[in-house]
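Everything below belongs to entry-v8.cif, which stores mmCIF, C-alpha atoms; chains and numbers go by the auth columns.
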data_model
loop_
_atom_site.group_PDB
_atom_site.id
_atom_site.type_symbol
_atom_site.label_atom_id
_atom_site.label_comp_id
_atom_site.label_asym_id
_atom_site.label_seq_id
_atom_site.Cartn_x
_atom_site.Cartn_y
_atom_site.Cartn_z
_atom_site.B_iso_or_equiv
_atom_site.auth_seq_id
_atom_site.auth_asym_id
ATOM 1 C CA MET A 1 161.604 -8.059 147.718 0.00 1 U
ATOM 2 C CA ASN A 2 164.728 -6.199 148.785 0.00 2 U
ATOM 3 C CA GLU A 3 166.748 -6.807 151.936 0.00 3 U
ATOM 4 C CA ARG A 4 164.734 -4.331 154.028 0.00 4 U
ATOM 5 C CA ASP A 5 161.492 -5.999 152.988 0.00 5 U
ATOM 6 C CA GLU A 6 162.940 -9.403 153.840 0.00 6 U
ATOM 7 C CA ALA A 7 163.880 -8.112 157.301 0.00 7 U
ATOM 8 C CA LEU A 8 160.362 -6.797 157.770 0.00 8 U
ATOM 9 C CA LYS A 9 158.928 -10.117 156.609 0.00 9 U
ATOM 10 C CA GLU A 10 161.065 -11.986 159.143 0.00 10 U
ATOM 11 C CA LEU A 11 159.974 -9.608 161.897 0.00 11 U
ATOM 12 C CA LEU A 12 156.353 -10.082 160.917 0.00 12 U
ATOM 13 C CA LYS A 13 156.704 -13.858 160.880 0.00 13 U
ATOM 14 C CA TYR A 14 158.355 -13.748 164.286 0.00 14 U
ATOM 15 C CA ALA A 15 155.613 -11.543 165.725 0.00 15 U
ATOM 16 C CA ALA A 16 152.979 -13.871 164.260 0.00 16 U
ATOM 17 C CA GLY A 17 154.699 -16.954 165.664 0.00 17 U
ATOM 18 C CA GLY A 18 155.157 -18.415 162.186 0.00 18 U
ATOM 19 C CA PRO A 19 152.563 -19.834 159.813 0.00 19 U
ATOM 20 C CA ALA A 20 149.295 -20.983 161.364 0.00 20 U
ATOM 21 C CA ASP A 21 148.641 -24.655 162.083 0.00 21 U
ATOM 22 C CA ARG A 22 146.337 -25.487 159.191 0.00 22 U
ATOM 23 C CA GLU A 23 145.241 -28.897 160.338 0.00 23 U
ATOM 24 C CA LEU A 24 141.603 -29.260 161.317 0.00 24 U
ATOM 25 C CA LYS A 25 141.568 -31.126 164.625 0.00 25 U
ATOM 26 C CA ARG A 26 138.006 -32.474 164.525 0.00 26 U
ATOM 27 C CA ASP A 27 135.157 -33.282 162.209 0.00 27 U
ATOM 28 C CA LEU A 28 132.849 -30.272 161.944 0.00 28 U
ATOM 29 C CA TRP A 29 129.920 -32.125 160.372 0.00 29 U
ATOM 30 C CA PRO A 30 127.930 -32.494 163.666 0.00 30 U
ATOM 31 C CA LYS A 31 128.250 -28.727 164.172 0.00 31 U
ATOM 32 C CA MET A 32 127.202 -28.183 160.559 0.00 32 U
ATOM 33 C CA LEU A 33 124.128 -30.338 161.082 0.00 33 U
ATOM 34 C CA ARG A 34 123.119 -28.234 164.087 0.00 34 U
ATOM 35 C CA ARG A 35 123.553 -25.113 161.966 0.00 35 U
ATOM 36 C CA LEU A 36 121.383 -26.580 159.212 0.00 36 U
ATOM 37 C CA GLU A 37 118.681 -27.481 161.705 0.00 37 U
ATOM 38 C CA ARG A 38 118.586 -23.981 163.158 0.00 38 U
ATOM 39 C CA PRO A 39 115.781 -22.033 161.485 0.00 39 U
ATOM 40 C CA ALA A 40 116.901 -19.145 159.303 0.00 40 U
ATOM 41 C CA VAL A 41 116.311 -15.714 160.798 0.00 41 U
ATOM 42 C CA ARG A 42 113.040 -14.406 159.381 0.00 42 U
ATOM 43 C CA VAL A 43 111.834 -10.851 159.451 0.00 43 U
ATOM 44 C CA PRO A 44 108.218 -10.897 160.708 0.00 44 U
ATOM 45 C CA TRP A 45 105.616 -9.478 158.342 0.00 45 U
ATOM 46 C CA TRP A 46 104.773 -6.612 160.717 0.00 46 U
ATOM 47 C CA ASP A 47 108.390 -5.411 160.586 0.00 47 U
ATOM 48 C CA TRP A 48 108.095 -5.162 156.824 0.00 48 U
ATOM 49 C CA ALA A 49 104.771 -3.344 157.234 0.00 49 U
ATOM 50 C CA LEU A 50 106.323 -0.930 159.724 0.00 50 U
ATOM 51 C CA GLY A 51 109.246 -0.259 157.367 0.00 51 U
ATOM 52 C CA ALA A 52 106.876 0.332 154.462 0.00 52 U
ATOM 53 C CA ALA A 53 104.755 2.703 156.574 0.00 53 U
ATOM 54 C CA LEU A 54 107.841 4.660 157.616 0.00 54 U
ATOM 55 C CA PHE A 55 109.033 4.859 154.025 0.00 55 U
ATOM 56 C CA LEU A 56 105.624 6.077 152.878 0.00 56 U
ATOM 57 C CA CYS A 57 105.517 8.612 155.670 0.00 57 U
ATOM 58 C CA LEU A 58 108.944 9.986 154.713 0.00 58 U
ATOM 59 C CA LEU A 59 107.893 10.120 151.088 0.00 59 U
ATOM 60 C CA LEU A 60 104.716 12.052 151.867 0.00 60 U
ATOM 61 C CA PHE A 61 106.232 14.274 154.552 0.00 61 U
ATOM 62 C CA PRO A 62 109.911 14.852 153.698 0.00 62 U
ATOM 63 C CA ASP A 63 110.134 17.578 156.351 0.00 63 U
ATOM 64 C CA THR A 64 110.064 14.842 158.993 0.00 64 U
ATOM 65 C CA ILE A 65 113.351 13.271 157.728 0.00 65 U
ATOM 66 C CA PRO A 66 115.605 15.398 160.019 0.00 66 U
ATOM 67 C CA ALA A 67 113.400 14.530 162.999 0.00 67 U
ATOM 68 C CA VAL A 68 113.629 10.811 162.203 0.00 68 U
ATOM 69 C CA LEU A 69 117.406 11.035 161.702 0.00 69 U
ATOM 70 C CA TYR A 70 117.721 12.846 165.026 0.00 70 U
ATOM 71 C CA GLN A 71 115.968 9.955 166.768 0.00 71 U
ATOM 72 C CA LEU A 72 118.392 7.366 165.302 0.00 72 U
ATOM 73 C CA MET B 1 136.607 -33.497 137.207 0.00 1 V
ATOM 74 C CA THR B 2 135.609 -37.167 137.570 0.00 2 V
ATOM 75 C CA GLY B 3 132.113 -38.409 136.823 0.00 3 V
ATOM 76 C CA THR B 4 131.415 -39.241 140.488 0.00 4 V
ATOM 77 C CA VAL B 5 132.355 -35.752 141.689 0.00 5 V
ATOM 78 C CA GLN B 6 130.293 -34.200 138.902 0.00 6 V
ATOM 79 C CA MET B 7 127.304 -36.325 139.892 0.00 7 V
ATOM 80 C CA GLU B 8 127.812 -35.433 143.554 0.00 8 V
ATOM 81 C CA LEU B 9 127.853 -31.723 142.684 0.00 9 V
ATOM 82 C CA GLU B 10 124.701 -32.064 140.620 0.00 10 V
ATOM 83 C CA GLN B 11 122.962 -33.832 143.495 0.00 11 V
ATOM 84 C CA PHE B 12 124.130 -31.101 145.845 0.00 12 V
ATOM 85 C CA THR B 13 122.660 -28.329 143.667 0.00 13 V
ATOM 86 C CA LYS B 14 119.340 -30.161 143.863 0.00 14 V
ATOM 87 C CA GLY B 15 119.488 -30.032 147.668 0.00 15 V
ATOM 88 C CA ASP B 16 120.579 -33.607 148.391 0.00 16 V
ATOM 89 C CA ILE B 17 121.845 -33.508 151.992 0.00 17 V
ATOM 90 C CA GLN B 18 123.983 -36.637 151.557 0.00 18 V
ATOM 91 C CA ALA B 19 125.773 -35.076 148.597 0.00 19 V
ATOM 92 C CA PHE B 20 126.297 -31.969 150.719 0.00 20 V
ATOM 93 C CA GLU B 21 127.726 -34.089 153.541 0.00 21 V
ATOM 94 C CA THR B 22 130.150 -35.752 151.121 0.00 22 V
ATOM 95 C CA LEU B 23 131.262 -32.340 149.858 0.00 23 V
ATOM 96 C CA PHE B 24 131.512 -30.993 153.385 0.00 24 V
ATOM 97 C CA ARG B 25 133.672 -33.864 154.566 0.00 25 V
ATOM 98 C CA GLY B 26 135.820 -33.620 151.466 0.00 26 V
ATOM 99 C CA TYR B 27 136.422 -29.879 151.691 0.00 27 V
ATOM 100 C CA GLN B 28 136.093 -28.896 155.378 0.00 28 V
ATOM 101 C CA GLY B 29 139.832 -29.293 155.994 0.00 29 V
ATOM 102 C CA GLU B 30 140.761 -27.232 152.965 0.00 30 V
ATOM 103 C CA VAL B 31 138.309 -24.440 153.808 0.00 31 V
ATOM 104 C CA TYR B 32 139.381 -24.376 157.470 0.00 32 V
ATOM 105 C CA GLY B 33 143.053 -24.399 156.444 0.00 33 V
ATOM 106 C CA TRP B 34 142.493 -21.392 154.232 0.00 34 V
ATOM 107 C CA ILE B 35 140.455 -19.409 156.758 0.00 35 V
ATOM 108 C CA ILE B 36 142.903 -19.937 159.595 0.00 36 V
ATOM 109 C CA ARG B 37 145.679 -18.557 157.434 0.00 37 V
ATOM 110 C CA ILE B 38 143.748 -15.276 157.299 0.00 38 V
ATOM 111 C CA VAL B 39 142.158 -15.022 160.747 0.00 39 V
ATOM 112 C CA ARG B 40 144.800 -16.998 162.709 0.00 40 V
ATOM 113 C CA ASP B 41 142.337 -17.993 165.415 0.00 41 V
ATOM 114 C CA PRO B 42 141.271 -21.692 165.520 0.00 42 V
ATOM 115 C CA GLY B 43 137.892 -21.060 167.198 0.00 43 V
ATOM 116 C CA ALA B 44 136.926 -18.319 164.777 0.00 44 V
ATOM 117 C CA ALA B 45 138.188 -20.401 161.852 0.00 45 V
ATOM 118 C CA GLU B 46 135.890 -23.286 162.842 0.00 46 V
ATOM 119 C CA ASP B 47 132.875 -20.995 163.109 0.00 47 V
ATOM 120 C CA LEU B 48 133.708 -19.355 159.795 0.00 48 V
ATOM 121 C CA THR B 49 134.090 -22.775 158.148 0.00 49 V
ATOM 122 C CA ILE B 50 130.567 -23.640 159.264 0.00 50 V
ATOM 123 C CA GLU B 51 129.294 -20.259 158.068 0.00 51 V
ATOM 124 C CA THR B 52 131.021 -20.755 154.708 0.00 52 V
ATOM 125 C CA PHE B 53 129.291 -24.086 154.151 0.00 53 V
ATOM 126 C CA TRP B 54 125.996 -22.655 155.373 0.00 54 V
ATOM 127 C CA ARG B 55 126.232 -19.969 152.687 0.00 55 V
ATOM 128 C CA ILE B 56 127.292 -22.567 150.139 0.00 56 V
ATOM 129 C CA TYR B 57 124.281 -24.665 151.035 0.00 57 V
ATOM 130 C CA ARG B 58 121.927 -21.725 150.756 0.00 58 V
ATOM 131 C CA ALA B 59 123.373 -20.706 147.376 0.00 59 V
ATOM 132 C CA ARG B 60 123.459 -24.274 146.016 0.00 60 V
ATOM 133 C CA ALA B 61 120.891 -23.587 143.300 0.00 61 V
ATOM 134 C CA ARG B 62 123.122 -20.897 141.799 0.00 62 V
ATOM 135 C CA PHE B 63 126.206 -23.131 141.659 0.00 63 V
ATOM 136 C CA ASP B 64 127.264 -24.443 138.268 0.00 64 V
ATOM 137 C CA PRO B 65 128.453 -28.066 138.813 0.00 65 V
ATOM 138 C CA ARG B 66 130.923 -27.724 135.913 0.00 66 V
ATOM 139 C CA ARG B 67 132.884 -25.109 137.886 0.00 67 V
ATOM 140 C CA PRO B 68 135.457 -26.130 140.521 0.00 68 V
ATOM 141 C CA PHE B 69 133.790 -26.392 143.921 0.00 69 V
ATOM 142 C CA GLY B 70 136.998 -25.747 145.869 0.00 70 V
ATOM 143 C CA ALA B 71 137.633 -22.363 144.247 0.00 71 V
ATOM 144 C CA TRP B 72 134.035 -21.288 144.874 0.00 72 V
ATOM 145 C CA ALA B 73 134.239 -22.359 148.520 0.00 73 V
ATOM 146 C CA ARG B 74 137.536 -20.572 148.977 0.00 74 V
ATOM 147 C CA ARG B 75 136.141 -17.329 147.556 0.00 75 V
ATOM 148 C CA ILE B 76 133.191 -17.419 149.979 0.00 76 V
ATOM 149 C CA ALA B 77 135.508 -18.346 152.862 0.00 77 V
ATOM 150 C CA THR B 78 137.830 -15.445 152.050 0.00 78 V
ATOM 151 C CA ASN B 79 134.983 -12.935 152.013 0.00 79 V
ATOM 152 C CA LEU B 80 133.739 -14.211 155.359 0.00 80 V
ATOM 153 C CA ALA B 81 137.241 -14.096 156.840 0.00 81 V
ATOM 154 C CA LEU B 82 137.652 -10.487 155.685 0.00 82 V
ATOM 155 C CA GLU B 83 134.268 -9.581 157.188 0.00 83 V
ATOM 156 C CA HIS B 84 135.378 -11.221 160.423 0.00 84 V
ATOM 157 C CA LEU B 85 138.613 -9.211 160.489 0.00 85 V
ATOM 158 C CA SER B 86 136.685 -5.981 159.890 0.00 86 V
ATOM 159 C CA ARG B 87 134.279 -6.774 162.709 0.00 87 V
ATOM 160 C CA ARG B 88 137.040 -7.733 165.094 0.00 88 V
ATOM 161 C CA ARG B 89 138.951 -4.594 164.246 0.00 89 V
ATOM 162 C CA SER B 90 136.038 -2.450 165.352 0.00 90 V
ATOM 163 C CA GLU B 91 135.447 -4.552 168.476 0.00 91 V
ATOM 164 C CA THR B 92 138.922 -5.083 169.908 0.00 92 V
ATOM 165 C CA PRO B 93 141.831 -2.816 170.662 0.00 93 V
ATOM 166 C CA LEU B 94 144.631 -2.898 168.117 0.00 94 V
ATOM 167 C CA ASP B 95 147.176 -4.410 170.441 0.00 95 V
ATOM 168 C CA ASP B 96 145.049 -7.525 170.623 0.00 96 V
ATOM 169 C CA GLY B 97 145.160 -7.979 166.899 0.00 97 V
ATOM 170 C CA VAL B 98 145.661 -10.886 164.535 0.00 98 V
ATOM 171 C CA LEU B 99 149.306 -11.470 165.234 0.00 99 V
ATOM 172 C CA MET B 100 149.049 -11.753 168.987 0.00 100 V
ATOM 173 C CA ARG B 101 146.385 -14.475 168.718 0.00 101 V
ATOM 174 C CA SER B 102 148.519 -16.701 166.600 0.00 102 V
ATOM 175 C CA PRO B 103 147.995 -20.383 167.394 0.00 103 V
ATOM 176 C CA ALA B 104 151.519 -21.256 166.368 0.00 104 V
ATOM 177 C CA THR B 105 154.462 -20.824 168.665 0.00 105 V
ATOM 178 C CA ARG B 106 158.050 -20.037 167.955 0.00 106 V
ATOM 179 C CA LYS B 107 161.038 -19.707 170.254 0.00 107 V
ATOM 180 C CA PRO B 108 161.538 -16.050 171.103 0.00 108 V
ATOM 181 C CA ASP B 109 164.491 -14.443 169.461 0.00 109 V
ATOM 182 C CA PRO B 110 166.565 -12.743 172.185 0.00 110 V
ATOM 183 C CA ALA B 111 167.238 -9.862 169.796 0.00 111 V
ATOM 184 C CA THR B 112 163.529 -9.178 169.448 0.00 112 V
ATOM 185 C CA GLY B 113 161.646 -8.812 172.700 0.00 113 V
ATOM 186 C CA ALA B 114 157.995 -9.016 173.638 0.00 114 V
ATOM 187 C CA ASP B 115 157.782 -5.248 173.372 0.00 115 V
ATOM 188 C CA VAL B 116 158.775 -5.304 169.710 0.00 116 V
ATOM 189 C CA ARG B 117 156.366 -8.168 169.092 0.00 117 V
ATOM 190 C CA ALA B 118 153.533 -6.141 170.598 0.00 118 V
ATOM 191 C CA LYS B 119 154.498 -3.090 168.558 0.00 119 V
ATOM 192 C CA VAL B 120 154.565 -5.118 165.345 0.00 120 V
ATOM 193 C CA ALA B 121 151.159 -6.597 166.185 0.00 121 V
ATOM 194 C CA ALA B 122 149.718 -3.148 166.863 0.00 122 V
ATOM 195 C CA ALA B 123 151.245 -1.673 163.697 0.00 123 V
ATOM 196 C CA PHE B 124 149.970 -4.603 161.662 0.00 124 V
ATOM 197 C CA GLY B 125 146.517 -4.272 163.216 0.00 125 V
ATOM 198 C CA GLU B 126 146.304 -0.711 161.944 0.00 126 V
ATOM 199 C CA LEU B 127 146.489 -1.817 158.312 0.00 127 V
ATOM 200 C CA PRO B 128 143.240 -1.816 156.319 0.00 128 V
ATOM 201 C CA VAL B 129 141.710 -5.304 156.344 0.00 129 V
ATOM 202 C CA LYS B 130 142.304 -6.028 152.637 0.00 130 V
ATOM 203 C CA LEU B 131 145.970 -5.085 152.873 0.00 131 V
ATOM 204 C CA ARG B 132 146.341 -7.046 156.085 0.00 132 V
ATOM 205 C CA ALA B 133 144.864 -10.182 154.563 0.00 133 V
ATOM 206 C CA ALA B 134 147.107 -9.939 151.486 0.00 134 V
ATOM 207 C CA ALA B 135 150.186 -9.335 153.651 0.00 135 V
ATOM 208 C CA THR B 136 149.306 -12.185 156.034 0.00 136 V
ATOM 209 C CA LEU B 137 148.892 -14.649 153.196 0.00 137 V
ATOM 210 C CA ALA B 138 151.921 -13.497 151.216 0.00 138 V
ATOM 211 C CA MET B 139 154.425 -12.655 153.949 0.00 139 V
ATOM 212 C CA ILE B 140 153.562 -14.846 156.923 0.00 140 V
ATOM 213 C CA GLU B 141 151.907 -17.815 155.254 0.00 141 V
ATOM 214 C CA GLU B 142 153.984 -17.507 152.083 0.00 142 V
ATOM 215 C CA ALA B 143 151.046 -18.595 149.932 0.00 143 V
ATOM 216 C CA PRO B 144 151.630 -18.343 146.163 0.00 144 V
ATOM 217 C CA TYR B 145 150.424 -15.036 144.659 0.00 145 V
ATOM 218 C CA ALA B 146 148.217 -16.896 142.155 0.00 146 V
ATOM 219 C CA GLU B 147 146.438 -18.689 145.004 0.00 147 V
ATOM 220 C CA ILE B 148 145.914 -15.421 146.905 0.00 148 V
ATOM 221 C CA ALA B 149 144.679 -13.673 143.754 0.00 149 V
ATOM 222 C CA ASP B 150 142.155 -16.411 143.100 0.00 150 V
ATOM 223 C CA ALA B 151 140.795 -16.346 146.627 0.00 151 V
ATOM 224 C CA LEU B 152 140.606 -12.556 146.828 0.00 152 V
ATOM 225 C CA GLY B 153 139.096 -12.299 143.360 0.00 153 V
ATOM 226 C CA ILE B 154 141.791 -9.938 142.077 0.00 154 V
ATOM 227 C CA SER B 155 144.716 -10.200 139.643 0.00 155 V
ATOM 228 C CA ILE B 156 148.236 -11.254 140.624 0.00 156 V
ATOM 229 C CA ASN B 157 149.331 -7.658 140.052 0.00 157 V
ATOM 230 C CA GLY B 158 146.545 -6.599 142.381 0.00 158 V
ATOM 231 C CA VAL B 159 147.967 -8.864 145.086 0.00 159 V
ATOM 232 C CA LYS B 160 151.482 -7.504 144.511 0.00 160 V
ATOM 233 C CA SER B 161 150.133 -3.975 144.783 0.00 161 V
ATOM 234 C CA ARG B 162 148.329 -4.739 148.052 0.00 162 V
ATOM 235 C CA VAL B 163 151.414 -6.384 149.538 0.00 163 V
ATOM 236 C CA PHE B 164 153.555 -3.445 148.454 0.00 164 V
ATOM 237 C CA ARG B 165 151.130 -0.952 150.023 0.00 165 V
ATOM 238 C CA ALA B 166 150.917 -3.078 153.169 0.00 166 V
ATOM 239 C CA VAL B 167 154.713 -3.131 153.516 0.00 167 V
ATOM 240 C CA ARG B 168 154.963 0.629 153.034 0.00 168 V
ATOM 241 C CA LEU B 169 152.199 1.360 155.519 0.00 169 V
ATOM 242 C CA LEU B 170 153.474 -1.177 158.029 0.00 170 V
ATOM 243 C CA ARG B 171 156.940 0.314 157.890 0.00 171 V
ATOM 244 C CA SER B 172 155.499 3.773 158.491 0.00 172 V
ATOM 245 C CA ASN B 173 153.372 2.479 161.403 0.00 173 V
ATOM 246 C CA LEU B 174 156.424 0.783 162.902 0.00 174 V
ATOM 247 C CA GLU B 175 158.575 3.882 162.567 0.00 175 V
ATOM 248 C CA LYS B 176 155.951 5.830 164.508 0.00 176 V
ATOM 249 C CA ARG B 177 156.455 3.271 167.286 0.00 177 V
ATOM 250 C CA GLY B 178 160.217 3.519 167.157 0.00 178 V
ATOM 251 C CA VAL B 179 160.806 0.201 165.387 0.00 179 V
ATOM 252 C CA CYS B 180 162.902 0.383 162.225 0.00 180 V
ATOM 253 C CA PRO B 181 163.281 -3.023 160.559 0.00 181 V
#
Please lay out the structure from this file as C-alpha cells.
Amino acid sequence: MNERDEALKELLKYAAGGPADRELKRDLWPKMLRRLERPAVRVPWWDWALGAALFLCLLLFPDTIPAVLYQL
Amino acid sequence: MTGTVQMELEQFTKGDIQAFETLFRGYQGEVYGWIIRIVRDPGAAEDLTIETFWRIYRARARFDPRRPFGAWARRIATNLALEHLSRRRSETPLDDGVLMRSPATRKPDPATGADVRAKVAAAFGELPVKLRAAATLAMIEEAPYAEIADALGISINGVKSRVFRAVRLLRSNLEKRGVCP
C-alpha cells in the first residue's frame, strides 16, 4: 500500500470507529436450542401441486406466459 | 486433531445433540467474532451465528470429520454475513451503512468531522458487497490475507484484487462527495 492508500485506510478506520469488539458477551446456546426446536419451514403439498399445475399449463399453452408474467 | 475432537465430530455427524452442543460452545465465540468483523452489528452477528450453526446442524451428514470444523464453520458464516449485507443494502439507505453502525467507539479526530465520517460511510456503502467485505476485513479489521482468502473461498491474489478494486472505487466515490484522502 502506498501513502495515499494508507491515508484512505486511516480514514476508513476512523469512520468505522476502529475494529469491531469481537468478544461474545453471552452464551448463545439457549437461543440455539430454541432455534433447533422451531419446526423447519415446510412447503405444503398443495403448493407443490399448484406449482406443478402452473408449470404444466405453461408447457401446454405457452401463449399464456406473457399473461402470467404480467400478473406477477 | 486430537482423538476426542475427532470422536466428537463423528458423533455430531450422526446427529448427537450433545456433541453438537460441545461444538457449539467451543466455536460460538470464534464464529461470532468472525461475523461481527464483517457485519459490524452485534445483534445481527448473534442472529447470524445462530443461523450458521443451524445450517451446520442441518448439513451435518455431509461433513467429513477429518476436515477442520472451524474452517467449515467460518466459510458458512462468511456466506451468511455476505447475504446479510446484500439484504441490508437493499433495505436501508446508504448513509446508514456498515460503518455508521460500528459497535466500537473512537475519539473523534478534530481534523475529520462528522460530515466526513458520514460521507465515508455512504461512499463505502456503495461498494459491491464482496468488495466491501474484503475491504472491511483487510483495511479496518486488518485480518491476514490468508485468513480472508480461506473464509471467502478465494485465493490470496483474489483478496488482493478485491481490496485493490475496493480502494479504487471507494476513492472515486469519495471524490464525487468532495473528499480527497
Who sits within 12 Å of range 59-63 of chain V, all atoms listed in the file, same chain under 6 positions skipped, as JSON, numbers by chain: {"V": [9, 10, 11, 12, 13, 14, 15, 16, 17, 19, 20, 23, 52, 53, 69, 70, 71, 72, 73, 76]}
Using all atoms listed in the file, pick whichever of U:Ala67, U:Leu8, U:Leu60, U:Glu3 has the shortest atom-to-atom distance to chain V.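 Smallest separation from chain V among the options: U:Leu8.
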Which residues match the PyMOL selection byres ((chain U) within 7 of (chain V)) in the file above, as a PDB file with C-alpha atoms, in the coordinates of the input?
ATOM      1  CA  ARG U   4     164.734  -4.331 154.028  1.00  0.00           C
ATOM      2  CA  ALA U   7     163.880  -8.112 157.301  1.00  0.00           C
ATOM      3  CA  LEU U   8     160.362  -6.797 157.770  1.00  0.00           C
ATOM      4  CA  LYS U   9     158.928 -10.117 156.609  1.00  0.00           C
ATOM      5  CA  LEU U  12     156.353 -10.082 160.917  1.00  0.00           C
ATOM      6  CA  LYS U  13     156.704 -13.858 160.880  1.00  0.00           C
ATOM      7  CA  ALA U  15     155.613 -11.543 165.725  1.00  0.00           C
ATOM      8  CA  ALA U  16     152.979 -13.871 164.260  1.00  0.00           C
ATOM      9  CA  GLY U  17     154.699 -16.954 165.664  1.00  0.00           C
ATOM     10  CA  GLY U  18     155.157 -18.415 162.186  1.00  0.00           C
ATOM     11  CA  PRO U  19     152.563 -19.834 159.813  1.00  0.00           C
ATOM     12  CA  ALA U  20     149.295 -20.983 161.364  1.00  0.00           C
ATOM     13  CA  ASP U  21     148.641 -24.655 162.083  1.00  0.00           C
ATOM     14  CA  ARG U  22     146.337 -25.487 159.191  1.00  0.00           C
ATOM     15  CA  GLU U  23     145.241 -28.897 160.338  1.00  0.00           C
ATOM     16  CA  LEU U  24     141.603 -29.260 161.317  1.00  0.00           C
ATOM     17  CA  MET U  32     127.202 -28.183 160.559  1.00  0.00           C
TER      18      MET U  32
END
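Distances from V:Ala122, V:Leu152, V:Ile56, V:Ala146 to Ala81 in chain V were compared using only C-alpha atoms, and the smallest one belongs to V:Leu152.
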